2 protein chains.
Amino acid sequence: MTNKKEISAGIIIIGNEVLSGRTKDINTSTLAKWLNKLGIEVKEVRIVPDDEIAIIHTVNFLRERFNYIFTTGGIGPTHDDITAESISKAFKLDYGFHKEAFSILEKYYKPGEFNEGRQKMAKMPTTAKLILNPTSGAPGFYVQNVFCLPGVPSILQSMIGGLNNILTGGDPILNKTINLRTVESEIAKSITEIQKNNIDVEIGSYPFFRAGKLGVSIVVRSPNKEKIDVCEAEILQFVKSKGIEIVEDV
Amino acid sequence: MTNKKEISAGIIIIGNEVLSGRTKDINTSTLAKWLNKLGIEVKEVRIVPDDEIAIIHTVNFLRERFNYIFTTGGIGPTHDDITAESISKAFKLDYGFHKEAFSILEKYYKPGEFNEGRQKMAKMPTTAKLILNPTSGAPGFYVQNVFCLPGVPSILQSMIGGLNNILTGGDPILNKTINLRTVESEIAKSITEIQKNNIDVEIGSYPFFRAGKLGVSIVVRSPNKEKIDVCEAEILQFVKSKGIEIVEDV
């Protein structure tokens, strides 16, 4: 099995409401799971404030480092929505009404309802490409490798499918989870050895606590299914030899 | 009212399980709310993999920029727990058994149960100061302005109170929320003007959708209660003049 080139992504969550703790970010998880299936691995996430300099600096730094960048938040109609203008400045592009976006929104709203606030959602880098929004009209957009999505999780979720044919992924990152009725410290030494024997897979160990009982999830990740299978077999052999219970349903 | 110096914090979430989307980070929200009460404002969050170079680079960059840094994750007993060793390298400090941590853990476990995996949790920068863990024994630690906490949310939550007297905060960041039965685009223009009149407070606008109805939460934040009150009065005046319904319980 030939490995394709590794394809990486960075995520930039834009919003004071996440930094203040008021809102818990769930878009990272949605984006990461979707990107994994496309063979794109999220390497870093940054949560930054609604601050133009912070956004420009972060976008310009990360877009050089990773194949794809996804931003969430800050593309709505209010004064604290400054992502589109910041992205324009990051790329030194004109910020203004995007003809196609304006036309989409004009048709979306009833006559007389396409007010100044709503028109703002058509302002972006004028040469950007659009990401269509089947939920609430206002499109996202992308410039080169930077894809700008909204912060509302249900709307973001409805839009990402439209990018499946635009992004070029590598081999999908596969994973296998084995849930054990044990504690991490009982298996740490053996799992360390198994990791050393299987350097091309990534083994993660995550304690869980459910229905009043402790356990550990062992997660094996790799784009190579055969290597996952070999590693899984080693883990199962060790688990059997120690008499550790496997939990089917966590 | 005299403003104290602004006190800033950065958070570093360490863990492949968050980047892969398997685990949703909720520690950022816990830490941010707690820090706000102490008058410490979270300015940036970075989520990085279980990778020594990424951790060292991120810690060393952010600890120069912000007053306090909090890391979560990677201080358990398994091979993928590399935070303590990475922090030692970031500060160029000896990594080894911390006498006090070793002693705490030795007493915590029953005779014969303090195995190699558990002993690893006593390894850290040997000169670090400890953050006691009332839930599960294994302490966190801090070096200068970098505080290392576990990733398991309930354990982290139980430990942070122990730092209240160690951190030096500024004025607590106060906030006031007004929930409106409207949509953002209807109020965007007026809220923009109110923000311009009140440059020392931060006004955030966040759409919500609950019980089948749309609404917008307007959040006013500042360390200065009087300025929040003035701004709130302006918002309420505008809301009344437009006949927008205030939603008491969202």
# chains A, B, ... in the order shown; residues from 1 in each chain; ligands from 1
>>> interface_residues(of="chain A", to="chain B", cutoff="8 Å", atoms="only C-alpha atoms", output="number ranges by chain")
A: 16-26, 28-33, 36, 41-49, 76-80, 115-118, 184-189, 191-192, 203-205
>>> write_last_selection(atoms="N, CA and C atoms", output="short mmCIF file (atom, residue, chain, number, x, y, z; two decimals), in the first residue's frame")
data_model
loop_
_atom_site.label_atom_id
_atom_site.label_comp_id
_atom_site.auth_asym_id
_atom_site.auth_seq_id
_atom_site.Cartn_x
_atom_site.Cartn_y
_atom_site.Cartn_z
N ASN A 16 -14.82 35.98 20.63
CA ASN A 16 -14.67 36.29 22.06
C ASN A 16 -15.53 35.38 22.92
N GLU A 17 -16.67 34.93 22.38
CA GLU A 17 -17.59 34.13 23.20
C GLU A 17 -16.99 32.77 23.54
N VAL A 18 -16.06 32.29 22.73
CA VAL A 18 -15.40 31.02 23.05
C VAL A 18 -14.28 31.28 24.07
N LEU A 19 -13.54 32.36 23.87
CA LEU A 19 -12.45 32.69 24.81
C LEU A 19 -12.97 33.07 26.20
N SER A 20 -14.19 33.60 26.27
CA SER A 20 -14.74 33.98 27.58
C SER A 20 -15.36 32.78 28.28
N GLY A 21 -15.47 31.67 27.58
CA GLY A 21 -16.05 30.47 28.19
C GLY A 21 -17.56 30.39 28.04
N ARG A 22 -18.15 31.43 27.49
CA ARG A 22 -19.62 31.44 27.35
C ARG A 22 -20.08 30.35 26.41
N THR A 23 -19.36 30.14 25.33
CA THR A 23 -19.71 29.15 24.31
C THR A 23 -18.64 28.08 24.27
N LYS A 24 -19.06 26.82 24.28
CA LYS A 24 -18.10 25.72 24.12
C LYS A 24 -17.97 25.43 22.62
N ASP A 25 -16.74 25.37 22.15
CA ASP A 25 -16.51 25.09 20.73
C ASP A 25 -16.80 23.63 20.42
N ILE A 26 -17.73 23.38 19.50
CA ILE A 26 -17.91 22.00 19.04
C ILE A 26 -17.60 21.89 17.55
N THR A 28 -14.72 22.35 16.10
CA THR A 28 -13.45 21.63 15.90
C THR A 28 -13.71 20.15 15.72
N SER A 29 -14.54 19.59 16.57
CA SER A 29 -14.82 18.15 16.49
C SER A 29 -15.53 17.80 15.19
N THR A 30 -16.52 18.62 14.80
CA THR A 30 -17.24 18.39 13.54
C THR A 30 -16.28 18.43 12.35
N LEU A 31 -15.46 19.48 12.31
CA LEU A 31 -14.53 19.64 11.18
C LEU A 31 -13.49 18.51 11.17
N ALA A 32 -12.96 18.16 12.34
CA ALA A 32 -11.88 17.16 12.39
C ALA A 32 -12.38 15.79 11.93
N LYS A 33 -13.58 15.42 12.37
CA LYS A 33 -14.11 14.10 11.96
C LYS A 33 -14.37 14.06 10.46
N ASN A 36 -10.94 13.99 8.67
CA ASN A 36 -10.32 12.66 8.78
C ASN A 36 -10.82 11.74 7.68
N GLU A 41 -5.57 15.68 7.97
CA GLU A 41 -5.35 15.60 9.41
C GLU A 41 -5.22 17.00 10.03
N VAL A 42 -6.02 17.25 11.04
CA VAL A 42 -5.94 18.55 11.73
C VAL A 42 -4.71 18.54 12.64
N LYS A 43 -3.81 19.49 12.42
CA LYS A 43 -2.54 19.52 13.14
C LYS A 43 -2.52 20.56 14.26
N GLU A 44 -3.36 21.57 14.12
CA GLU A 44 -3.38 22.60 15.17
C GLU A 44 -4.69 23.37 15.08
N VAL A 45 -5.17 23.79 16.24
CA VAL A 45 -6.36 24.65 16.32
C VAL A 45 -5.97 25.88 17.12
N ARG A 46 -6.40 27.04 16.68
CA ARG A 46 -6.19 28.25 17.48
C ARG A 46 -7.53 28.96 17.67
N ILE A 47 -7.79 29.34 18.89
CA ILE A 47 -8.98 30.13 19.18
C ILE A 47 -8.52 31.55 19.44
N VAL A 48 -9.01 32.49 18.63
CA VAL A 48 -8.55 33.87 18.71
C VAL A 48 -9.73 34.82 18.90
N PRO A 49 -9.48 36.00 19.43
CA PRO A 49 -10.58 36.95 19.67
C PRO A 49 -11.06 37.64 18.37
N GLY A 76 -21.20 36.92 10.27
CA GLY A 76 -22.61 37.35 10.35
C GLY A 76 -22.77 38.84 10.08
N PRO A 77 -23.93 39.39 10.43
CA PRO A 77 -24.25 40.77 10.07
C PRO A 77 -23.82 41.83 11.10
N THR A 78 -23.33 41.44 12.27
CA THR A 78 -23.14 42.46 13.32
C THR A 78 -21.72 43.03 13.37
N HIS A 79 -21.58 44.07 14.19
CA HIS A 79 -20.31 44.82 14.25
C HIS A 79 -19.13 43.95 14.67
N ASP A 80 -19.41 42.87 15.44
CA ASP A 80 -18.30 42.02 15.89
C ASP A 80 -17.98 40.92 14.88
N ASN A 115 -31.98 44.22 4.28
CA ASN A 115 -31.53 45.48 4.89
C ASN A 115 -30.00 45.57 4.99
N GLU A 116 -29.53 46.67 5.58
CA GLU A 116 -28.10 46.93 5.64
C GLU A 116 -27.32 45.83 6.35
N GLY A 117 -27.88 45.34 7.49
CA GLY A 117 -27.22 44.26 8.23
C GLY A 117 -27.04 43.04 7.36
N ARG A 118 -28.12 42.67 6.66
CA ARG A 118 -28.06 41.47 5.81
C ARG A 118 -27.13 41.68 4.62
N GLU A 184 -5.34 3.19 33.40
CA GLU A 184 -4.18 3.43 32.53
C GLU A 184 -2.87 2.91 33.12
N SER A 185 -2.70 3.11 34.43
CA SER A 185 -1.41 2.76 35.02
C SER A 185 -1.15 1.26 35.00
N GLU A 186 -2.19 0.44 34.88
CA GLU A 186 -2.01 -1.02 34.83
C GLU A 186 -1.51 -1.48 33.47
N ILE A 187 -1.74 -0.69 32.45
CA ILE A 187 -1.40 -1.12 31.08
C ILE A 187 -0.33 -0.25 30.43
N ALA A 188 0.07 0.81 31.15
CA ALA A 188 0.95 1.81 30.54
C ALA A 188 2.23 1.19 29.97
N LYS A 189 2.86 0.33 30.77
CA LYS A 189 4.16 -0.23 30.37
C LYS A 189 4.01 -1.07 29.09
N ILE A 191 1.56 -1.03 26.83
CA ILE A 191 1.15 -0.24 25.66
C ILE A 191 2.34 0.55 25.11
N THR A 192 3.20 1.02 26.01
CA THR A 192 4.42 1.71 25.57
C THR A 192 5.25 0.78 24.68
N ILE A 203 -0.90 5.26 18.85
CA ILE A 203 -1.76 4.65 19.87
C ILE A 203 -2.09 5.70 20.92
N GLY A 204 -3.37 5.92 21.15
CA GLY A 204 -3.79 6.85 22.20
C GLY A 204 -4.47 6.09 23.32
N SER A 205 -4.33 6.59 24.53
CA SER A 205 -4.91 5.93 25.69
C SER A 205 -5.75 6.96 26.44
#
>>> select_by_dssp(residues="range 35-211 of chain B", states="helix (DSSP H, G or I)", output="PyMOL selection string")
chain B and resi 35-37+52-65+83-90+99-108+116-120+153-163+184-197
>>> atom_distance(atom1="CA of Asn145 in chain B", atom2="CA of His98 in chain B")
18.6 Å
>>> atom_distance(atom1="CA of Leu149 in chain B", atom2="CA of Leu163 in chain B")
11.1 Å
>>> atom_distance(atom1="CA of Leu62 in chain B", atom2="CA of Ser8 in chain B")
10.8 Å
>>> select_by_dssp(residues="range 3-210 of chain B", states="strand (DSSP E or B)", output="VMD selection string")
chain B and resid 7 to 14 40 to 48 68 to 72 95 to 97 123 to 125 129 to 131 140 to 143 146 to 149 174 to 181 202 to 210
>>> residues_around(residues="Phe70 in chain A", least_positions_apart="3", cutoff="6 Å", atoms="only C-alpha atoms", output="PyMOL selection string")
chain A and resi 11+146-148
>>> write_last_selection(atoms="N, CA and C atoms", output="compact mmCIF listing (two decimals), in the first residue's frame")
# COMPACT_ATOMS: atom_id res chain seq x y z
N ILE A 11 -7.19 24.81 12.07
CA ILE A 11 -8.51 25.41 12.29
C ILE A 11 -8.34 26.67 13.12
N VAL A 146 -7.74 29.00 2.28
CA VAL A 146 -8.39 29.43 3.52
C VAL A 146 -9.91 29.46 3.34
N PHE A 147 -10.60 28.61 4.10
CA PHE A 147 -12.05 28.41 3.95
C PHE A 147 -12.76 29.01 5.17
N CYS A 148 -13.67 29.95 4.92
CA CYS A 148 -14.30 30.68 6.02
C CYS A 148 -15.76 30.24 6.18
>>> closest_residue(among="A:Asn197, A:Thr72, A:Asn165, A:Thr58", to="Val230 in chain A", atoms="only C-alpha atoms")
A:Asn197
>>> closest_residue(among="A:Leu180, A:Val239, A:Ile53, A:Ile69", to="Leu167 in chain A", atoms="only C-alpha atoms")
A:Ile69
